[in-house]
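Just final02.tsv here, TSV, C-alpha atoms:
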```tsv
chain	number	residue	atom	x	y	z
A	1295	MET	CA	-54.27	-38.09	19.83
A	1296	ARG	CA	-57.96	-38.64	19.36
A	1297	THR	CA	-58.59	-35.07	20.33
A	1298	SER	CA	-56.00	-33.79	17.85
A	1299	GLN	CA	-57.58	-35.75	15.00
A	1300	THR	CA	-61.00	-34.39	15.86
A	1301	SER	CA	-59.70	-30.82	15.69
A	1302	GLN	CA	-58.18	-31.44	12.28
A	1303	GLN	CA	-61.27	-33.10	10.81
A	1304	THR	CA	-63.72	-30.48	12.01
A	1305	SER	CA	-64.30	-27.91	9.26
A	1306	PRO	CA	-64.21	-24.31	10.49
A	1307	THR	CA	-67.45	-22.36	10.23
A	1308	ARG	CA	-67.19	-18.91	8.64
A	1309	PHE	CA	-69.15	-16.09	10.26
A	1310	VAL	CA	-69.82	-12.48	9.36
A	1311	GLU	CA	-67.44	-10.38	11.42
A	1312	SER	CA	-68.93	-8.20	14.12
A	1313	PRO	CA	-67.93	-7.22	17.67
A	1314	ALA	CA	-70.74	-9.32	19.11
A	1315	MET	CA	-69.79	-12.37	17.06
A	1316	GLU	CA	-66.10	-12.02	17.90
A	1317	SER	CA	-66.95	-12.10	21.61
A	1318	VAL	CA	-69.15	-15.16	21.23
A	1319	LEU	CA	-66.54	-16.98	19.16
A	1320	ALA	CA	-63.90	-16.22	21.79
A	1321	VAL	CA	-66.11	-17.88	24.40
A	1322	VAL	CA	-66.62	-20.87	22.08
A	1323	VAL	CA	-62.87	-21.33	21.65
A	1324	LEU	CA	-62.26	-21.01	25.40
A	1325	LEU	CA	-64.94	-23.55	26.25
A	1326	CYS	CA	-63.62	-25.99	23.69
A	1327	CYS	CA	-60.08	-25.67	25.06
A	1328	CYS	CA	-61.34	-26.33	28.58
A	1329	MET	CA	-63.46	-29.31	27.57
A	1330	VAL	CA	-61.16	-30.98	25.07
A	1331	GLU	CA	-59.00	-32.73	27.67
A	1332	THR	CA	-61.92	-34.26	29.59
A	1333	GLN	CA	-64.52	-35.13	26.94
A	1334	THR	CA	-64.80	-37.96	24.47
A	1335	GLU	CA	-64.73	-37.34	20.73
A	1336	SER	CA	-68.50	-37.63	20.38
A	1337	GLU	CA	-69.07	-35.27	23.33
A	1338	VAL	CA	-66.71	-32.68	21.87
A	1339	ASP	CA	-68.43	-32.92	18.48
A	1340	GLY	CA	-71.81	-32.50	20.13
A	1341	LEU	CA	-70.61	-29.47	22.06
A	1342	LEU	CA	-69.21	-27.88	18.91
A	1343	ARG	CA	-72.49	-28.40	17.06
A	1344	GLU	CA	-74.49	-26.88	19.90
A	1345	LEU	CA	-72.22	-23.86	20.23
A	1346	THR	CA	-72.13	-23.36	16.46
A	1347	ALA	CA	-75.94	-23.38	16.33
A	1348	ARG	CA	-76.10	-20.79	19.08
A	1349	VAL	CA	-73.59	-18.51	17.35
A	1350	GLU	CA	-75.45	-18.79	14.04
A	1351	LYS	CA	-78.72	-17.89	15.82
A	1352	LEU	CA	-77.12	-14.82	17.42
A	1353	GLU	CA	-75.59	-13.83	14.10
A	1354	SER	CA	-78.94	-14.12	12.35
A	1355	GLU	CA	-80.60	-11.93	14.97
A	1356	TYR	CA	-77.80	-9.35	14.72
A	1357	ASN	CA	-77.95	-9.16	10.92
A	1358	GLY	CA	-81.74	-8.88	11.00
A	1359	LYS	CA	-81.75	-5.62	12.95
A	1360	PRO	CA	-82.93	-2.62	10.94
A	1361	LYS	CA	-80.22	-0.16	9.91
A	1362	VAL	CA	-81.26	3.51	9.93
A	1363	ALA	CA	-78.93	6.52	9.66
A	1364	PHE	CA	-79.01	9.81	7.79
A	1365	SER	CA	-77.22	13.14	7.46
A	1366	ALA	CA	-78.35	16.07	5.34
A	1367	SER	CA	-77.23	19.65	4.90
A	1368	PHE	CA	-79.17	22.78	4.16
A	1369	MET	CA	-76.82	23.84	1.37
A	1370	ILE	CA	-77.60	22.51	-2.09
A	1371	ASN	CA	-74.84	24.37	-3.99
A	1372	ASP	CA	-71.65	26.34	-3.33
A	1373	GLU	CA	-73.38	29.71	-3.02
A	1374	HIS	CA	-74.37	31.49	0.19
A	1375	TYR	CA	-77.98	30.74	0.94
A	1376	HIS	CA	-80.49	32.14	3.43
A	1377	LEU	CA	-83.83	30.69	4.48
A	1378	GLY	CA	-86.22	33.12	6.10
A	1379	PRO	CA	-87.31	35.08	7.87
A	1380	PHE	CA	-90.93	33.98	7.44
A	1381	GLY	CA	-94.17	35.23	8.92
A	1382	GLU	CA	-95.02	31.74	10.16
A	1383	ASN	CA	-93.32	28.65	11.52
A	1384	THR	CA	-91.62	26.76	8.68
A	1385	THR	CA	-90.19	23.24	8.42
A	1386	VAL	CA	-86.53	23.33	7.41
A	1387	VAL	CA	-85.86	21.11	4.41
A	1388	TYR	CA	-82.28	19.87	4.46
A	1389	GLU	CA	-82.10	19.01	0.77
A	1390	LYS	CA	-78.49	17.93	0.32
A	1391	VAL	CA	-78.50	14.29	1.46
A	1392	ILE	CA	-75.11	12.92	2.47
A	1393	THR	CA	-76.25	9.60	3.91
A	1394	ASN	CA	-79.72	8.05	4.03
A	1395	ILE	CA	-79.45	4.40	5.05
A	1396	GLY	CA	-82.94	2.97	5.33
A	1397	GLU	CA	-84.46	5.90	3.40
A	1398	ALA	CA	-86.27	7.11	6.53
A	1399	TYR	CA	-85.44	10.77	5.87
A	1400	ASN	CA	-87.38	12.57	3.12
A	1401	PRO	CA	-85.29	15.35	1.50
A	1402	ASP	CA	-88.39	16.73	-0.21
A	1403	THR	CA	-90.20	17.47	3.07
A	1404	GLY	CA	-87.39	17.56	5.65
A	1405	VAL	CA	-89.23	14.95	7.73
A	1406	PHE	CA	-87.75	11.79	9.25
A	1407	THR	CA	-90.21	8.91	9.75
A	1408	ALA	CA	-89.34	6.13	12.19
A	1409	LEU	CA	-89.29	2.71	10.54
A	1410	VAL	CA	-89.46	0.70	13.77
A	1411	ARG	CA	-89.84	1.36	17.46
A	1412	GLY	CA	-86.48	2.15	19.01
A	1413	ALA	CA	-84.13	4.63	20.61
A	1414	TYR	CA	-82.96	7.20	18.05
A	1415	TYR	CA	-80.38	9.94	18.36
A	1416	PHE	CA	-80.83	13.24	16.49
A	1417	THR	CA	-78.66	16.31	16.17
A	1418	PHE	CA	-79.23	19.54	14.24
A	1419	THR	CA	-77.28	22.73	13.60
A	1420	CYS	CA	-78.61	26.09	12.50
A	1421	ASN	CA	-76.24	28.87	11.41
A	1422	VAL	CA	-77.50	32.43	11.50
A	1423	GLY	CA	-75.07	34.19	9.14
A	1424	ASN	CA	-74.63	37.97	9.52
A	1425	SER	CA	-78.22	39.06	10.00
A	1426	GLY	CA	-81.20	38.22	12.12
A	1427	LYS	CA	-81.48	35.28	14.50
A	1428	ALA	CA	-81.68	31.51	14.28
A	1429	ASN	CA	-84.51	30.29	16.47
A	1430	ALA	CA	-85.37	26.68	15.67
A	1431	ALA	CA	-86.51	23.46	17.30
A	1432	LEU	CA	-86.56	19.73	16.66
A	1433	LEU	CA	-90.12	18.45	16.87
A	1434	LYS	CA	-91.52	14.98	17.42
A	1435	ASN	CA	-95.04	14.77	16.03
A	1436	GLY	CA	-95.36	18.52	16.49
A	1437	VAL	CA	-93.98	18.60	20.05
A	1438	ASN	CA	-90.79	20.51	20.88
A	1439	MET	CA	-88.02	18.08	21.90
A	1440	ALA	CA	-84.90	20.27	21.61
A	1441	ALA	CA	-84.19	23.85	20.55
A	1442	VAL	CA	-81.44	26.24	19.46
A	1443	TYR	CA	-81.20	30.01	19.56
A	1444	GLU	CA	-78.39	32.14	18.15
A	1445	THR	CA	-78.10	35.78	17.13
A	1446	ALA	CA	-76.01	37.09	14.24
A	1447	ASN	CA	-72.62	38.73	14.58
A	1448	PRO	CA	-72.63	42.18	12.93
A	1449	LYS	CA	-69.03	41.74	11.82
A	1450	PRO	CA	-68.65	40.31	8.29
A	1451	ASN	CA	-67.59	36.69	7.75
A	1452	ILE	CA	-68.11	35.73	11.39
A	1453	TYR	CA	-70.90	33.17	11.60
A	1454	HIS	CA	-72.63	31.90	14.72
A	1455	SER	CA	-74.27	28.49	14.98
A	1456	GLY	CA	-76.60	26.86	17.45
A	1457	THR	CA	-76.63	23.07	17.79
A	1458	ASN	CA	-78.43	20.54	19.93
A	1459	GLY	CA	-79.01	16.78	20.19
A	1460	VAL	CA	-81.50	14.46	21.83
A	1461	ILE	CA	-82.30	10.75	22.20
A	1462	LEU	CA	-85.94	9.93	21.44
A	1463	ASP	CA	-88.05	6.83	22.04
A	1464	LEU	CA	-89.97	6.54	18.78
A	1465	VAL	CA	-92.58	4.11	17.51
A	1466	GLU	CA	-93.11	3.21	13.89
A	1467	GLY	CA	-94.53	6.17	11.98
A	1468	ASP	CA	-93.40	8.91	14.38
A	1469	LYS	CA	-92.27	12.11	12.61
A	1470	VAL	CA	-89.18	14.12	13.51
A	1471	TYR	CA	-88.21	17.38	11.82
A	1472	VAL	CA	-86.68	20.82	12.39
A	1473	VAL	CA	-88.88	23.91	12.47
A	1474	LEU	CA	-87.73	27.50	12.01
A	1475	TRP	CA	-89.87	29.69	14.22
A	1476	SER	CA	-91.56	32.75	12.77
A	1477	GLY	CA	-89.27	35.75	12.29
A	1478	SER	CA	-85.99	33.80	12.28
A	1479	CYS	CA	-83.65	32.56	9.54
A	1480	ILE	CA	-80.93	30.02	8.70
A	1481	PHE	CA	-77.77	30.49	6.67
A	1482	ASP	CA	-75.42	28.02	4.95
A	1483	ASN	CA	-72.43	28.14	2.64
A	1484	SER	CA	-70.35	25.05	3.41
A	1485	ARG	CA	-72.57	22.51	5.15
A	1486	ILE	CA	-72.66	24.36	8.45
A	1487	SER	CA	-76.40	23.80	8.91
A	1488	MET	CA	-77.02	20.07	9.29
A	1489	PHE	CA	-79.66	17.54	10.37
A	1490	SER	CA	-78.61	13.99	11.31
A	1491	GLY	CA	-80.03	10.98	13.09
A	1492	TYR	CA	-79.66	7.25	13.52
A	1493	LEU	CA	-81.19	4.26	15.24
A	1494	LEU	CA	-79.27	3.37	18.39
A	1495	PHE	CA	-81.15	0.12	18.92
A	1496	PRO	CA	-84.66	-1.26	18.27
A	1497	ILE	CA	-87.08	-1.83	21.16
A	1498	ASP	CA	-89.15	-5.01	21.27
A	1499	ASN	CA	-92.88	-4.23	21.38
A	1500	LYS	CA	-93.61	-7.43	23.30
```

Take the structure in the file and write it out as structure tokens.
Amino acid sequence: MRTSQTSQQTSPTRFVESPAMESVLAVVVLLCCCMVETQTESEVDGLLRELTARVEKLESEYNGKPKVAFSASFMINDEHYHLGPFGENTTVVYEKVITNIGEAYNPDTGVFTALVRGAYYFTFTCNVGNSGKANAALLKNGVNMAAVYETANPKPNIYHSGTNGVILDLVEGDKVYVVLWSGSCIFDNSRISMFSGYLLFPIDNK
């Protein structure tokens, strides 16, 4: 009976829901169920306080992680739009921002700047339309990390796209962007040329 009264008098602690917290709370409940038959009231209370403190610490660390994610398209209106060809390599500016959590992507320059060190995933798509070729690459601080190449279909209204993705280990301040190589072009008319990325997880510098 003492155990039953303790369970009723103990106020439940409310946590922010997350997969990690749900797993920890499940362990807490299981441990309490295993211990409740063999421990005194004061020992059970002490165990609950210790486990609660640990869960709150994990929750604080989880909520403190930086959140970075973006998606942007090349199209800025409903009209067909071509970029290029140019006589020199040109950074592609994906102006139509769909999501920009953390504001790490700059729609004025087309450049993503890492906010913290971590593993980031990027993907980009370049559509070529009905003329020319799409020859582009995703660069990290000016170094080619991934590339696409696609030639146009001469038949009308048949569009070809090239797409690629890569996971990069970035440090704070690293720049990632898409470059259209000299002599090539990109086409868009319904968000078929995109640039996206997000932080998979931060990496401790220690």

Counting only C-alpha atoms, which residues have an atom no more than 8 Å from (-76.6, 7.0, 9.6) in the file's coordinates? Please list them as a short mmCIF file (atom, residue, chain, number, x, y, z; two decimals) with C-alpha atoms, in the coordinates of the input.
```
data_model
loop_
_atom_site.label_atom_id
_atom_site.label_comp_id
_atom_site.auth_asym_id
_atom_site.auth_seq_id
_atom_site.Cartn_x
_atom_site.Cartn_y
_atom_site.Cartn_z
CA VAL A 1362 -81.26 3.51 9.93
CA ALA A 1363 -78.93 6.52 9.66
CA PHE A 1364 -79.01 9.81 7.79
CA SER A 1365 -77.22 13.14 7.46
CA THR A 1393 -76.25 9.60 3.91
CA ASN A 1394 -79.72 8.05 4.03
CA ILE A 1395 -79.45 4.40 5.05
CA SER A 1490 -78.61 13.99 11.31
CA GLY A 1491 -80.03 10.98 13.09
CA TYR A 1492 -79.66 7.25 13.52
CA LEU A 1493 -81.19 4.26 15.24
#
```

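When CA of His1374 (chain A) is paired with CA of Ala1428 (chain A), their separation reads 15.9 Å.
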
Inset, instruction - Write out as JSON, numbers by chain each polymer residue whose atoms come within 7 Å of Asp1482 (chain A), counting all atoms listed in the file; drop sequence neighbours fewer than 4 positions from it. - result: {"A": [1368, 1369, 1374, 1375, 1376, 1421, 1486, 1487]}

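Distances here use only C-alpha atoms; by that measure, the residue among A:Val1386, A:Val1473, A:Leu1494, A:Ala1430 closest to Phe1416 (chain A) is A:Leu1494.
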
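Pairwise distance (CA of Met1488 (chain A), CA of Phe1418 (chain A)) equals 5.4 Å.
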
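Distance-wise, CA of Phe1406 (chain A) and CA of Lys1427 (chain A) end up 24.9 Å apart.
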
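If all atoms listed in the file are the atoms counted, then among A:Ala1413, A:Ile1480, A:Val1391, A:Ala1440 the closest residue to Leu1464 (chain A) is A:Ala1413.
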
Could you give me the axis-aligned bounding box of region 1470-1474 of chain A, with 6 Å of padding per side, as centre plus edge lengths in Å to one decimal, as JSON?
```
{"center_x": -87.9, "center_y": 20.8, "center_z": 12.7, "size_x": 14.5, "size_y": 25.4, "size_z": 13.7}
```

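Using all atoms listed in the file for every distance, the candidate list A:Ala1398, A:Val1387, A:Val1470, A:Leu1409 yields A:Val1470 as the residue closest to Leu1433 (chain A).
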
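Distance annotation: of A:Val1437, A:Val1472, A:Ala1408, A:Leu1432, the residue with the minimal separation from Val1460 (chain A) is A:Leu1432; atom set is all atoms listed in the file.
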
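With distances taken over all atoms listed in the file, A:Ser1478 is the one residue among A:Arg1411, A:Leu1462, A:Ser1478, A:Lys1359 lying closest to Val1442 (chain A).
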
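Checking A:Arg1485, A:Lys1469, A:Gly1423, A:Gly1340 one by one against Asn1400 (chain A), counting all atoms listed in the file, you find the shortest gap at A:Lys1469.
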
Missing atoms in region 1466-1479 of chain A need filling: write out N, CA and C atoms for it as a compact mmCIF listing (two decimals), in the coordinates of the input.
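Written output follows (part-v2.txt):
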```
# COMPACT_ATOMS: atom_id res chain seq x y z
N GLU A 1466 -93.00 3.18 15.34
CA GLU A 1466 -93.11 3.21 13.89
C GLU A 1466 -94.10 4.29 13.43
N GLY A 1467 -93.66 5.13 12.51
CA GLY A 1467 -94.53 6.17 11.98
C GLY A 1467 -94.35 7.54 12.63
N ASP A 1468 -93.65 7.62 13.75
CA ASP A 1468 -93.40 8.91 14.38
C ASP A 1468 -92.61 9.82 13.44
N LYS A 1469 -92.91 11.12 13.48
CA LYS A 1469 -92.27 12.11 12.61
C LYS A 1469 -91.35 13.02 13.42
N VAL A 1470 -90.15 13.23 12.88
CA VAL A 1470 -89.18 14.12 13.51
C VAL A 1470 -88.66 15.09 12.46
N TYR A 1471 -88.64 16.38 12.78
CA TYR A 1471 -88.21 17.38 11.82
C TYR A 1471 -87.81 18.66 12.55
N VAL A 1472 -87.15 19.55 11.82
CA VAL A 1472 -86.68 20.82 12.39
C VAL A 1472 -87.58 21.94 11.90
N VAL A 1473 -88.01 22.78 12.81
CA VAL A 1473 -88.88 23.91 12.47
C VAL A 1473 -88.17 25.22 12.79
N LEU A 1474 -88.24 26.14 11.84
CA LEU A 1474 -87.73 27.50 12.01
C LEU A 1474 -88.90 28.35 12.48
N TRP A 1475 -88.77 28.90 13.67
CA TRP A 1475 -89.87 29.69 14.22
C TRP A 1475 -90.04 31.00 13.45
N SER A 1476 -91.22 31.52 13.48
CA SER A 1476 -91.56 32.75 12.77
C SER A 1476 -90.59 33.88 13.12
N GLY A 1477 -90.14 34.60 12.09
CA GLY A 1477 -89.27 35.75 12.29
C GLY A 1477 -87.79 35.43 12.34
N SER A 1478 -87.40 34.16 12.22
CA SER A 1478 -85.99 33.80 12.28
C SER A 1478 -85.53 33.23 10.95
N CYS A 1479 -84.21 33.00 10.81
CA CYS A 1479 -83.65 32.56 9.54
C CYS A 1479 -82.46 31.62 9.76
```
